[in-house]
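What follows is a short report on a single structure.
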There are 6 protein chains.
Amino acid sequence: MKILYISPTGRSLYIEKMARVIEHARRPDTIVDFVGLPAGRPTHLEYHTYEALVLGDLVKIVRDCAGEYDAIISGGYYDVGMRALREISGKAVVVGPCQATTAIAATLGNTFSVVVGRPKWINRMSENVRLYGHGDRMVSMRAADLGVHDFQNRPDAAELIMATSRRCVEEDHAEVLILGCTVEFGFSSRMQQELGVPVIEAIPAALKYAEMLADSAQRFDWYPSRKWGSEAPPESEIAEWQLFRDPPPKGRTLRVGEPIQTKPA
Amino acid sequence: MKILYISPTGRSLYIEKMARVIEHARRPDTIVDFVGLPAGRPTHLEYHTYEALVLGDLVKIVRDCAGEYDAIISGGYYDVGMRALREISGKAVVVGPCQATTAIAATLGNTFSVVVGRPKWINRMSENVRLYGHGDRMVSMRAADLGVHDFQNRPDAAELIMATSRRCVEEDHAEVLILGCTVEFGFSSRMQQELGVPVIEAIPAALKYAEMLADSAQRFDWYPSRKWGSEAPPESEIAEWQLFRDPPPKGRTLRVGEPIQTKPA
Amino acid sequence: MKILYISPTGRSLYIEKMARVIEHARRPDTIVDFVGLPAGRPTHLEYHTYEALVLGDLVKIVRDCAGEYDAIISGGYYDVGMRALREISGKAVVVGPCQATTAIAATLGNTFSVVVGRPKWINRMSENVRLYGHGDRMVSMRAADLGVHDFQNRPDAAELIMATSRRCVEEDHAEVLILGCTVEFGFSSRMQQELGVPVIEAIPAALKYAEMLADSAQRFDWYPSRKWGSEAPPESEIAEWQLFRDPPPKGRTLRVGEPIQTKPA
Amino acid sequence: MKILYISPTGRSLYIEKMARVIEHARRPDTIVDFVGLPAGRPTHLEYHTYEALVLGDLVKIVRDCAGEYDAIISGGYYDVGMRALREISGKAVVVGPCQATTAIAATLGNTFSVVVGRPKWINRMSENVRLYGHGDRMVSMRAADLGVHDFQNRPDAAELIMATSRRCVEEDHAEVLILGCTVEFGFSSRMQQELGVPVIEAIPAALKYAEMLADSAQRFDWYPSRKWGSEAPPESEIAEWQLFRDPPPKGRTLRVGEPIQTKPA
Amino acid sequence: MKILYISPTGRSLYIEKMARVIEHARRPDTIVDFVGLPAGRPTHLEYHTYEALVLGDLVKIVRDCAGEYDAIISGGYYDVGMRALREISGKAVVVGPCQATTAIAATLGNTFSVVVGRPKWINRMSENVRLYGHGDRMVSMRAADLGVHDFQNRPDAAELIMATSRRCVEEDHAEVLILGCTVEFGFSSRMQQELGVPVIEAIPAALKYAEMLADSAQRFDWYPSRKWGSEAPPESEIAEWQLFRDPPPKGRTLRVGEPIQTKPA
Amino acid sequence: MKILYISPTGRSLYIEKMARVIEHARRPDTIVDFVGLPAGRPTHLEYHTYEALVLGDLVKIVRDCAGEYDAIISGGYYDVGMRALREISGKAVVVGPCQATTAIAATLGNTFSVVVGRPKWINRMSENVRLYGHGDRMVSMRAADLGVHDFQNRPDAAELIMATSRRCVEEDHAEVLILGCTVEFGFSSRMQQELGVPVIEAIPAALKYAEMLADSAQRFDWYPSRKWGSEAPPESEIAEWQLFRDPPPKGRTLRVGEPIQTKPA
């Protein structure tokens, strides 16, 4: 199984650390290729302006890679541009961390809370959770007052996340916790021990979801629908307007897993 | 990975056929044990009375088997008694076909329809789909006018399902189809070819979902929450009232997959 | 009018006390028969496992008694198994305390809160309240931190319920209160005086609702629907599978009200 | 028990016929007083302008009569001005036909349809049904293309209602029917026989609901809340502004039930 | 453009102050005519009884004035009787302050809070906000514990509003504030400076909305629908019942803006 | 008042025709500047891939122009990227045609239908309508089976739109119609005459809404919130990453309205 993980930021600062998370999480038969964006892009996506500025890149990468991968994970907990990425992904299923984590959380408890970084994120992410159907299930979304770059750099990050999470469990009656940022990793083990509830991290959840969907696609031909709202743009227009004439805007890449024979496109 | 598939009816009429579906669907490292109910139980669960009469059996089987399996699938598209089964399952995650199919469908298209057997089922199943969060995404649930035992026995079953499905796609604008019965299997390949949309069957979807959750539990300790509404009954009460004193009401069993070493309880 | 009140637990511990509540609440022309479950059943239903273990009993009792009663109340504020009980109840209407209390509360104020025993109950009961249509009307459901057996036994029960209720009124702006357990009786008079809002108890509300529906059934033939999702299981299957061959699992019984001539089944 | 039925129109054209409906429906210990509005008022309330023009009358009558009655039914299926009438009703509970019929229907089946007179009514009435919490339960509201005055006067009224109702059952999968006009009475018996589903009429449903609430108020002091949104206007303002200085605008009156001593106003 | 502002109370206590607000807010080509109600009406509408008592007056004024104005604003933040006023307004669009403020707030931020006077108002106003479609967007409605007459008379009004608003922003994460009373004016400038979020006042918002709709009606013939639920009552019935025979119950009047030639009715 | 209208496609094919629509619609004191995108962009946005590819352009144009305009309209009925555009617009309010049309429709009738071009659009646009709060109000969204370029080019466009609209009114009971594409202009006059309901077109509605918001911003300082979810990206990051270093990707431009003095940036 080949899975592409797009790190939707400019310098792919956490790509090696994320690779270790993936290495621990992947099935033995899964290969994950990371790809970042070129220089000159934002190094985080906390603002919707930044999302907008990289969305074109993401579409171009998905268009370019669709034939090579069974599934594509688009990093960032805003699940940036899922409609567009899914439209242009051909036979590859596209997974967003928010959809994956909330779907898994919904099987492990009746309610969940999402612990995010900054209040800025809450409105956008809450809307997604509602659109995914978990409006009643989410009892709170709380900010730990940490920016994306704080999660792996500030020494008190774990402590702040824990304090916020404890309020989610004790005050809001969350039965499951979700860490709502793809850079918010490495915290769940200790949290699970101390808080006694499952703590879902974004990258492993997205990977497991992607593996499941890729596996299902291979076995049962459950490929993305191309009907009605999921119809892909006509190749004739793409060609006429030369929408993908330039090489895809790829930044750093990194492979996790043993090399296997790539299947023909 | 060991997964228990509970066939919640009295004679396990389709267990061999289902085993072939599982054999095609499982990961190489997955063992699936089927277990049916003893004689004297209904052979289908179309009526809520029947669900009620077997729910005690299901709870007892889950209680008995929880320690041996990583995940448990409870057959039947009503997702019978999920709250109770999940409460008593210890560290095993419990998967219902309705939750699994709708979650997968939500990644393959914007909308879906569910093709069920008889109108009787629609209200109960629709409520589940809404509770799982897919009320806006489900554009219709239609009955093919087939009972549970008709799916594998009536020669015109495929034709009736196809006709109903076509209306879902053309009139209701479904982008994805779900076959809403665990006995409604063996139809998707041809349907996908003729209708051009993904057609999700219940057993493979539930298995893939169970594998993903079992795999995640093993790697990340994402076990079912036991907090607040997910709190399990106290062992002291179970002992005092001898709730599980009798041997669990198991019927036929069947194993799919190579035997592996069972882990200690 | 004859009404059956099923006390869905093993020892019917509160049956005499409940009988006094009913005696005060019933219309002069109403006879209420209590029936409990046999020994070996849980003495409370706080856990969904316990619900599941008694649901078969409830179905069997309803099946057995349907012809003798105009209405059936199934005790316990989870409104256990209403779909199944209503399916098999023939011409008898089936009433659940949660549905009855919330419907009455909706006529006495714009908002209500439900004061339950333990946090465990909240998710399950809240889902019911939403399904009954009162999601916007319920401003809170709070736990008084009392188990089922505490309500009639702990000396500080009234005080804890009162303190919790006061928060519902003052902090959550509840206009009406509901006591969310059938064993949470005997508190409303004092609460109404001190808090100045109506306080609905489960048993009297269920009885009044049952009387209304029984009365309406007698006068206008408003019997339960048997169409579509309300279709009853076919007698042929019931007979073939001998689903009700054993005598119904009845425990203690107690009659409230003057004996009247039973009508023929 | 004394119940006031306000016929909110100018000539009370159906008061005698309605009295016969009430006579058949009432408990032996129930007295129902009809009161209509004075001349010069609309004879039906199909338009919201007409509702608005009589709402002041309704408030004045409720204010005047509140002390004499245990419950008040305000006729008309728009449930006209319930917030205002309930605010000023003192200890009398106020019942609207729409709330009563839908609450009863919710106990007799999973879904219902409402058969109304003209398309004009549908938007207003549907909003009420949603506000009462039955948005998911109502599968359709259809118009029989009959005005209020047609129900008791046009010879083809029964036939048109029946044809519309049949579509509700067969096409929309309604398990229960509601006749959505207080003048739409006298049809349910035949409909129930021919259609095989319960058919709820507005006046009997409202009466039974009112009896239940009045009975409950007498026994358990479940009077309308006067807290927060249900707070009544201060008597000082009513007096200062002389809001109720004029005699209440009562039209025709009619008593159903044994004469009892009226208490002084 | 000619706009009618109906001040729906008896003494039009704030009409001159409101006129200054309008003078500052109006387009140069807008004329606004204030009209109050006659003596003997409530001087505020905090209670639904008072709304009910003046609704007939409002309908009569709208009926009388519809031909003269391009748009009509009905004062009071309950948006009293909008269905009736809109039904009878002919070609004049009718604007309610709650609908106007919430629509504008929805363009300036993702969330808003409404700061009202007393807790009494919250349930009624929240229902309106939900019906207008902003249930998810409104993060809170809080009362400053001020009555209608306190806003312009109590020296601490600004301070109380500010304290309440600060909680909306800081605790509830409101991005925009709305002042939920038409007498709650004159506060926004300072609040915007101190709180750093937009603060929408009811009268200016309603005026701007009315101007937009009036302008649109003139240019594009976007007049109120008269179809289905918006159908107006037939003139034949109005004439037969002489519903508007009396002169309209107008109180004080005041014109803001240069006199222009009235267009023929 | 200065308003920017961004035509979010590559060749601005309809810019002159749209200018005539604007000329008819604008207030005398409104200047509207059209700006299109450079060559090489899609000429319509029916696919989400195309939206994604131009979203960066839109953000850059808004960033560049924000200081010069009081309001900005982003063309295209998907309301493309509103979160991002609103975040970066400084003091300029940003208007999307879908939000404007549905808000106006909500004041002219109880229900509306949206007539769009192709079924492809329905899922995306329906989600927006629900997010804007009009899920209950929209009775249908139907496709006339016309692409964006068909509206102004196919001779049978008017006829197809009319036929589809008639079904919305007659079958779905729409009281108001909305034409759901910014190129779907020039049809409403005839439609209003023939169908007898208001027909809202996207460009005039967006313009009127923008004028109202710009006017309000000037008078009352009702500028976009910059709090919580509406917080703008920090200038330091924008500078560090040089996000807007290149000249904005503007295509054709066209001014409507008398030239006035531009205010300093």
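Going through the structure tokens in order, the chains are called A, B, and so on, while each chain numbers its residues from 1 and the ligands are numbered from 1 in the order shown.
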What are the residues of chain D lining chain F at 10 Å or less? Count only C-alpha atoms, and put the answer as a list in words.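 Written out as asked, the residues are Pro119, Lys120, Ile122, Asn123, Arg124, Glu127 and Arg130 of chain D.
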Atoms to include: N, CA and C atoms. Write the selected residues as a JSON list (two decimals), in the first residue's frame.
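The new file out-v4.json reads:
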[["chain", "number", "residue", "atom", "x", "y", "z"],
["D", 119, "PRO", "N", -52.71, 24.97, 1.19],
["D", 119, "PRO", "CA", -51.24, 25.15, 1.22],
["D", 119, "PRO", "C", -50.82, 26.37, 2.03],
["D", 120, "LYS", "N", -51.65, 27.38, 2.08],
["D", 120, "LYS", "CA", -51.36, 28.57, 2.89],
["D", 120, "LYS", "C", -50.91, 28.20, 4.30],
["D", 122, "ILE", "N", -49.39, 25.57, 5.51],
["D", 122, "ILE", "CA", -48.32, 24.60, 5.72],
["D", 122, "ILE", "C", -47.07, 25.20, 6.36],
["D", 123, "ASN", "N", -46.65, 26.36, 5.88],
["D", 123, "ASN", "CA", -45.41, 26.90, 6.42],
["D", 123, "ASN", "C", -45.53, 27.21, 7.91],
["D", 124, "ARG", "N", -46.58, 27.89, 8.25],
["D", 124, "ARG", "CA", -46.80, 28.27, 9.66],
["D", 124, "ARG", "C", -46.93, 27.05, 10.55],
["D", 127, "GLU", "N", -43.66, 25.02, 10.97],
["D", 127, "GLU", "CA", -42.74, 25.65, 11.92],
["D", 127, "GLU", "C", -43.12, 25.27, 13.35],
["D", 130, "ARG", "N", -42.04, 21.73, 14.08],
["D", 130, "ARG", "CA", -40.60, 21.69, 14.35],
["D", 130, "ARG", "C", -40.27, 22.24, 15.73]]
Leaving out Val199 in chain C and any residue of its chain fewer than 6 positions from it, which residues lie within 8 Å of it when counting only C-alpha atoms, given as a ChimeraX atom specification? /C:176-179,188-189,191-192 /D:222
Restricting the output to C-alpha atoms, write the selected residues as a short mmCIF file (atom, residue, chain, number, x, y, z; two decimals), in the first residue's frame.
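Okay, out25.cif is ready:
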data_model
loop_
_atom_site.label_atom_id
_atom_site.label_comp_id
_atom_site.auth_asym_id
_atom_site.auth_seq_id
_atom_site.Cartn_x
_atom_site.Cartn_y
_atom_site.Cartn_z
CA VAL C 176 -39.38 23.51 34.89
CA LEU C 177 -37.56 20.65 36.62
CA ILE C 178 -37.83 16.93 35.96
CA LEU C 179 -36.63 14.25 38.34
CA SER C 188 -41.47 17.42 44.39
CA SER C 189 -43.81 19.03 46.92
CA MET C 191 -39.06 21.43 45.96
CA GLN C 192 -41.95 23.24 44.33
CA TRP D 222 -47.98 21.10 38.44
#
Surrounding residues of Ser113 in chain C excluding itself and chain neighbours under 4 positions, 6 Å, only C-alpha atoms, as a VMD selection string: chain C and resid 138 to 141 174 177
Restricted to N, CA and C atoms, what would the selected residues look like written as an mmCIF file, in the first residue's frame?
data_model
loop_
_atom_site.group_PDB
_atom_site.id
_atom_site.type_symbol
_atom_site.label_atom_id
_atom_site.label_comp_id
_atom_site.auth_asym_id
_atom_site.auth_seq_id
_atom_site.Cartn_x
_atom_site.Cartn_y
_atom_site.Cartn_z
ATOM 1 N N MET C 138 -34.350 21.501 26.596
ATOM 2 C CA MET C 138 -33.604 21.067 27.791
ATOM 3 C C MET C 138 -32.356 21.925 27.951
ATOM 4 N N VAL C 139 -32.307 22.730 29.004
ATOM 5 C CA VAL C 139 -31.147 23.596 29.187
ATOM 6 C C VAL C 139 -30.023 22.906 29.943
ATOM 7 N N SER C 140 -30.325 21.839 30.665
ATOM 8 C CA SER C 140 -29.256 21.070 31.304
ATOM 9 C C SER C 140 -29.791 19.747 31.809
ATOM 10 N N MET C 141 -28.865 18.797 31.927
ATOM 11 C CA MET C 141 -29.131 17.573 32.677
ATOM 12 C C MET C 141 -27.964 17.449 33.652
ATOM 13 N N ALA C 174 -33.491 27.086 33.976
ATOM 14 C CA ALA C 174 -34.603 26.144 33.798
ATOM 15 C C ALA C 174 -35.889 26.737 34.351
ATOM 16 N N LEU C 177 -38.510 21.704 36.269
ATOM 17 C CA LEU C 177 -37.559 20.646 36.622
ATOM 18 C C LEU C 177 -38.205 19.280 36.436
#
Residues at most 8 Å from range 154-165 of chain E, counting only C-alpha atoms, excluding those fewer than 6 positions away in the same chain, as a ChimeraX atom specification? /E:115,142-146,177,187,191
Serialized selection, all heavy atoms, as a short mmCIF file (atom, residue, chain, number, x, y, z; two decimals), in the first residue's frame:
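The new file part_18.cif reads:
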data_model
loop_
_atom_site.label_atom_id
_atom_site.label_comp_id
_atom_site.auth_asym_id
_atom_site.auth_seq_id
_atom_site.Cartn_x
_atom_site.Cartn_y
_atom_site.Cartn_z
N VAL E 115 -26.75 40.99 23.77
CA VAL E 115 -26.87 41.50 25.13
C VAL E 115 -28.25 42.12 25.28
O VAL E 115 -28.54 43.15 24.66
CB VAL E 115 -25.77 42.53 25.43
CG1 VAL E 115 -25.94 43.11 26.83
CG2 VAL E 115 -24.40 41.89 25.27
N ARG E 142 -27.07 37.07 26.77
CA ARG E 142 -26.96 37.37 28.19
C ARG E 142 -27.76 38.62 28.54
O ARG E 142 -27.86 39.54 27.72
CB ARG E 142 -25.49 37.63 28.57
CG ARG E 142 -24.61 36.40 28.59
CD ARG E 142 -23.20 36.77 29.06
NE ARG E 142 -22.29 35.66 29.03
CZ ARG E 142 -21.97 34.91 30.09
NH1 ARG E 142 -22.50 35.19 31.26
NH2 ARG E 142 -21.10 33.91 29.97
N ALA E 143 -28.27 38.64 29.76
CA ALA E 143 -29.04 39.79 30.23
C ALA E 143 -28.18 40.70 31.09
O ALA E 143 -27.44 40.22 31.95
CB ALA E 143 -30.24 39.32 31.03
N ALA E 144 -28.31 42.00 30.85
CA ALA E 144 -27.58 42.98 31.65
C ALA E 144 -28.35 43.38 32.91
O ALA E 144 -27.92 44.26 33.65
CB ALA E 144 -27.28 44.22 30.80
N ASP E 145 -29.51 42.74 33.10
CA ASP E 145 -30.38 43.06 34.23
C ASP E 145 -30.83 44.51 34.21
O ASP E 145 -30.75 45.23 35.22
CB ASP E 145 -29.70 42.68 35.56
CG ASP E 145 -29.73 41.19 35.78
OD1 ASP E 145 -30.80 40.58 35.58
OD2 ASP E 145 -28.69 40.60 36.09
N LEU E 146 -31.31 44.91 33.08
CA LEU E 146 -31.88 46.24 32.89
C LEU E 146 -33.22 46.10 32.17
O LEU E 146 -33.32 45.36 31.19
CB LEU E 146 -30.94 47.10 32.02
CG LEU E 146 -29.59 47.48 32.62
CD1 LEU E 146 -28.64 47.96 31.52
CD2 LEU E 146 -29.76 48.58 33.67
N LEU E 177 -20.94 41.74 18.71
CA LEU E 177 -21.98 41.92 19.72
C LEU E 177 -23.20 42.57 19.10
O LEU E 177 -23.08 43.39 18.19
CB LEU E 177 -21.48 42.80 20.87
CG LEU E 177 -20.38 42.20 21.73
CD1 LEU E 177 -19.81 43.26 22.67
CD2 LEU E 177 -20.93 41.03 22.55
N PHE E 187 -24.80 53.29 22.76
CA PHE E 187 -23.72 52.64 23.49
C PHE E 187 -22.58 52.12 22.62
O PHE E 187 -21.49 51.88 23.09
CB PHE E 187 -24.29 51.45 24.29
CG PHE E 187 -25.36 51.82 25.26
CD1 PHE E 187 -26.70 51.59 24.98
CD2 PHE E 187 -25.03 52.44 26.46
CE1 PHE E 187 -27.69 51.95 25.89
CE2 PHE E 187 -26.01 52.81 27.37
CZ PHE E 187 -27.35 52.56 27.07
N MET E 191 -18.31 51.22 23.23
CA MET E 191 -18.09 49.78 23.36
C MET E 191 -17.12 49.27 22.30
O MET E 191 -16.26 48.45 22.58
CB MET E 191 -19.43 49.04 23.25
CG MET E 191 -20.34 49.25 24.46
SD MET E 191 -21.95 48.44 24.24
CE MET E 191 -21.46 46.71 24.33
#
When you look at Leu58 in chain E with a cut-off of 8 Å (counting only C-alpha atoms), what residues show up, excluding the ones that are within fewer than 6 positions of it in the same chain? I need them as a list in words.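 That gives Ile6, Pro8 and Leu85 of chain E.
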How about saving the chosen residues, N, CA and C atoms kept, as an mmCIF file, in the first residue's frame?
data_model
loop_
_atom_site.group_PDB
_atom_site.id
_atom_site.type_symbol
_atom_site.label_atom_id
_atom_site.label_comp_id
_atom_site.auth_asym_id
_atom_site.auth_seq_id
_atom_site.Cartn_x
_atom_site.Cartn_y
_atom_site.Cartn_z
ATOM 1 N N ILE E 6 -42.571 51.956 13.080
ATOM 2 C CA ILE E 6 -43.641 51.860 14.064
ATOM 3 C C ILE E 6 -43.022 51.641 15.436
ATOM 4 N N PRO E 8 -43.904 50.479 18.797
ATOM 5 C CA PRO E 8 -45.088 49.701 19.149
ATOM 6 C C PRO E 8 -45.519 49.829 20.599
ATOM 7 N N LEU E 85 -47.700 40.985 9.909
ATOM 8 C CA LEU E 85 -47.383 42.279 9.303
ATOM 9 C C LEU E 85 -46.922 42.095 7.857
#
Leaving out Pro204 in chain D and any residue of its chain fewer than 5 positions from it, which residues lie within 10 Å of it when counting only C-alpha atoms, given as a list in words?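 Using only C-alpha atoms, the neighbours found are Ser216, Arg219 and Phe220 of chain C; Met18, Val21, Ile22, Glu23, His24, Ala25, Arg26, Pro97, Ala100, Thr101, Thr182, Phe185, Tyr209 and Ala210 of chain D.
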In Å, rounded to a single decimal, give me how far CA of Ala84 in chain C is from CA of Thr49 in chain B.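 Value for the CA of Thr49 in chain B-CA of Ala84 in chain C distance: 4.7 Å.
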Could you pull out the strand (DSSP E or B) residues of range 105-263 of chain C from DSSP and send them as a PDB file with N, CA and C atoms, in the first residue's frame?
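File produced: part_11.pdb:
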ATOM      1  N   PHE C 112     -36.571  23.246  30.392  1.00  0.00           N
ATOM      2  CA  PHE C 112     -36.521  22.395  31.584  1.00  0.00           C
ATOM      3  C   PHE C 112     -35.108  21.869  31.777  1.00  0.00           C
ATOM      4  N   SER C 113     -34.852  21.420  32.994  1.00  0.00           N
ATOM      5  CA  SER C 113     -33.646  20.663  33.313  1.00  0.00           C
ATOM      6  C   SER C 113     -34.075  19.326  33.881  1.00  0.00           C
ATOM      7  N   VAL C 114     -33.222  18.335  33.707  1.00  0.00           N
ATOM      8  CA  VAL C 114     -33.476  17.024  34.285  1.00  0.00           C
ATOM      9  C   VAL C 114     -32.402  16.766  35.341  1.00  0.00           C
ATOM     10  N   VAL C 115     -32.853  16.431  36.536  1.00  0.00           N
ATOM     11  CA  VAL C 115     -31.929  16.118  37.621  1.00  0.00           C
ATOM     12  C   VAL C 115     -31.868  14.606  37.778  1.00  0.00           C
ATOM     13  N   VAL C 116     -30.727  14.041  37.421  1.00  0.00           N
ATOM     14  CA  VAL C 116     -30.592  12.586  37.455  1.00  0.00           C
ATOM     15  C   VAL C 116     -29.685  12.181  38.611  1.00  0.00           C
ATOM     16  N   MET C 138     -34.350  21.501  26.596  1.00  0.00           N
ATOM     17  CA  MET C 138     -33.604  21.067  27.791  1.00  0.00           C
ATOM     18  C   MET C 138     -32.356  21.925  27.951  1.00  0.00           C
ATOM     19  N   VAL C 139     -32.307  22.730  29.004  1.00  0.00           N
ATOM     20  CA  VAL C 139     -31.147  23.596  29.187  1.00  0.00           C
ATOM     21  C   VAL C 139     -30.023  22.906  29.943  1.00  0.00           C
ATOM     22  N   SER C 140     -30.325  21.839  30.665  1.00  0.00           N
ATOM     23  CA  SER C 140     -29.256  21.070  31.304  1.00  0.00           C
ATOM     24  C   SER C 140     -29.791  19.747  31.809  1.00  0.00           C
ATOM     25  N   MET C 141     -28.865  18.797  31.927  1.00  0.00           N
ATOM     26  CA  MET C 141     -29.131  17.573  32.677  1.00  0.00           C
ATOM     27  C   MET C 141     -27.964  17.449  33.652  1.00  0.00           C
ATOM     28  N   ARG C 142     -28.294  17.468  34.917  1.00  0.00           N
ATOM     29  CA  ARG C 142     -27.249  17.447  35.942  1.00  0.00           C
ATOM     30  C   ARG C 142     -27.439  16.253  36.872  1.00  0.00           C
ATOM     31  N   ALA C 143     -26.322  15.738  37.371  1.00  0.00           N
ATOM     32  CA  ALA C 143     -26.357  14.599  38.285  1.00  0.00           C
ATOM     33  C   ALA C 143     -26.224  15.077  39.722  1.00  0.00           C
ATOM     34  N   VAL C 176     -38.709  24.707  34.360  1.00  0.00           N
ATOM     35  CA  VAL C 176     -39.378  23.514  34.895  1.00  0.00           C
ATOM     36  C   VAL C 176     -38.278  22.518  35.239  1.00  0.00           C
ATOM     37  N   LEU C 177     -38.510  21.704  36.269  1.00  0.00           N
ATOM     38  CA  LEU C 177     -37.559  20.646  36.622  1.00  0.00           C
ATOM     39  C   LEU C 177     -38.205  19.280  36.436  1.00  0.00           C
ATOM     40  N   ILE C 178     -37.389  18.321  36.062  1.00  0.00           N
ATOM     41  CA  ILE C 178     -37.831  16.928  35.962  1.00  0.00           C
ATOM     42  C   ILE C 178     -36.889  16.088  36.812  1.00  0.00           C
ATOM     43  N   LEU C 179     -37.449  15.185  37.584  1.00  0.00           N
ATOM     44  CA  LEU C 179     -36.627  14.253  38.343  1.00  0.00           C
ATOM     45  C   LEU C 179     -36.469  12.986  37.507  1.00  0.00           C
ATOM     46  N   VAL C 199     -42.083  20.822  39.443  1.00  0.00           N
ATOM     47  CA  VAL C 199     -41.115  19.729  39.511  1.00  0.00           C
ATOM     48  C   VAL C 199     -41.850  18.439  39.144  1.00  0.00           C
ATOM     49  N   ILE C 200     -41.503  17.900  37.996  1.00  0.00           N
ATOM     50  CA  ILE C 200     -42.234  16.745  37.472  1.00  0.00           C
ATOM     51  C   ILE C 200     -41.561  15.464  37.923  1.00  0.00           C
ATOM     52  N   THR C 253     -45.999  -9.064  42.243  1.00  0.00           N
ATOM     53  CA  THR C 253     -47.089  -8.269  41.680  1.00  0.00           C
ATOM     54  C   THR C 253     -47.835  -7.580  42.819  1.00  0.00           C
ATOM     55  N   LEU C 254     -48.512  -6.544  42.459  1.00  0.00           N
ATOM     56  CA  LEU C 254     -49.255  -5.763  43.452  1.00  0.00           C
ATOM     57  C   LEU C 254     -50.304  -4.974  42.689  1.00  0.00           C
ATOM     58  N   ARG C 255     -51.534  -4.955  43.214  1.00  0.00           N
ATOM     59  CA  ARG C 255     -52.606  -4.209  42.530  1.00  0.00           C
ATOM     60  C   ARG C 255     -52.952  -2.950  43.304  1.00  0.00           C
ATOM     61  N   VAL C 256     -53.125  -1.871  42.580  1.00  0.00           N
ATOM     62  CA  VAL C 256     -53.588  -0.614  43.165  1.00  0.00           C
ATOM     63  C   VAL C 256     -54.913  -0.243  42.531  1.00  0.00           C
TER      64      VAL C 256
END
Could you give me, as a PyMOL selection string, the residues within 9 Å of Arg27 in chain E, counting only C-alpha atoms and dropping anything in the same chain fewer than 3 positions from it? (chain E and resi 23-24+30-31+208+211) or (chain F and resi 215)
Calculate how many Å separate CA of Met1 in chain E from CA of Gly36 in chain E, rounding to one decimal.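 CA of Gly36 in chain E lies 20.3 Å from CA of Met1 in chain E.
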I need the residues of range 26-236 of chain C that end up classed as helix (DSSP H, G or I) by DSSP on the backbone, written out as a ChimeraX atom specification. /C:48-68,82-87,97-108,120-131,148-150,157-170,188-195,202-220,228-230,235-236
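Relative to CA of Ala103 in chain C, CA of Ala71 in chain D is found at 16.2 Å.
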Closest to Ser7 in chain D among D:Met212, D:Leu108, D:Val183, D:Leu195, using only C-alpha atoms? D:Val183
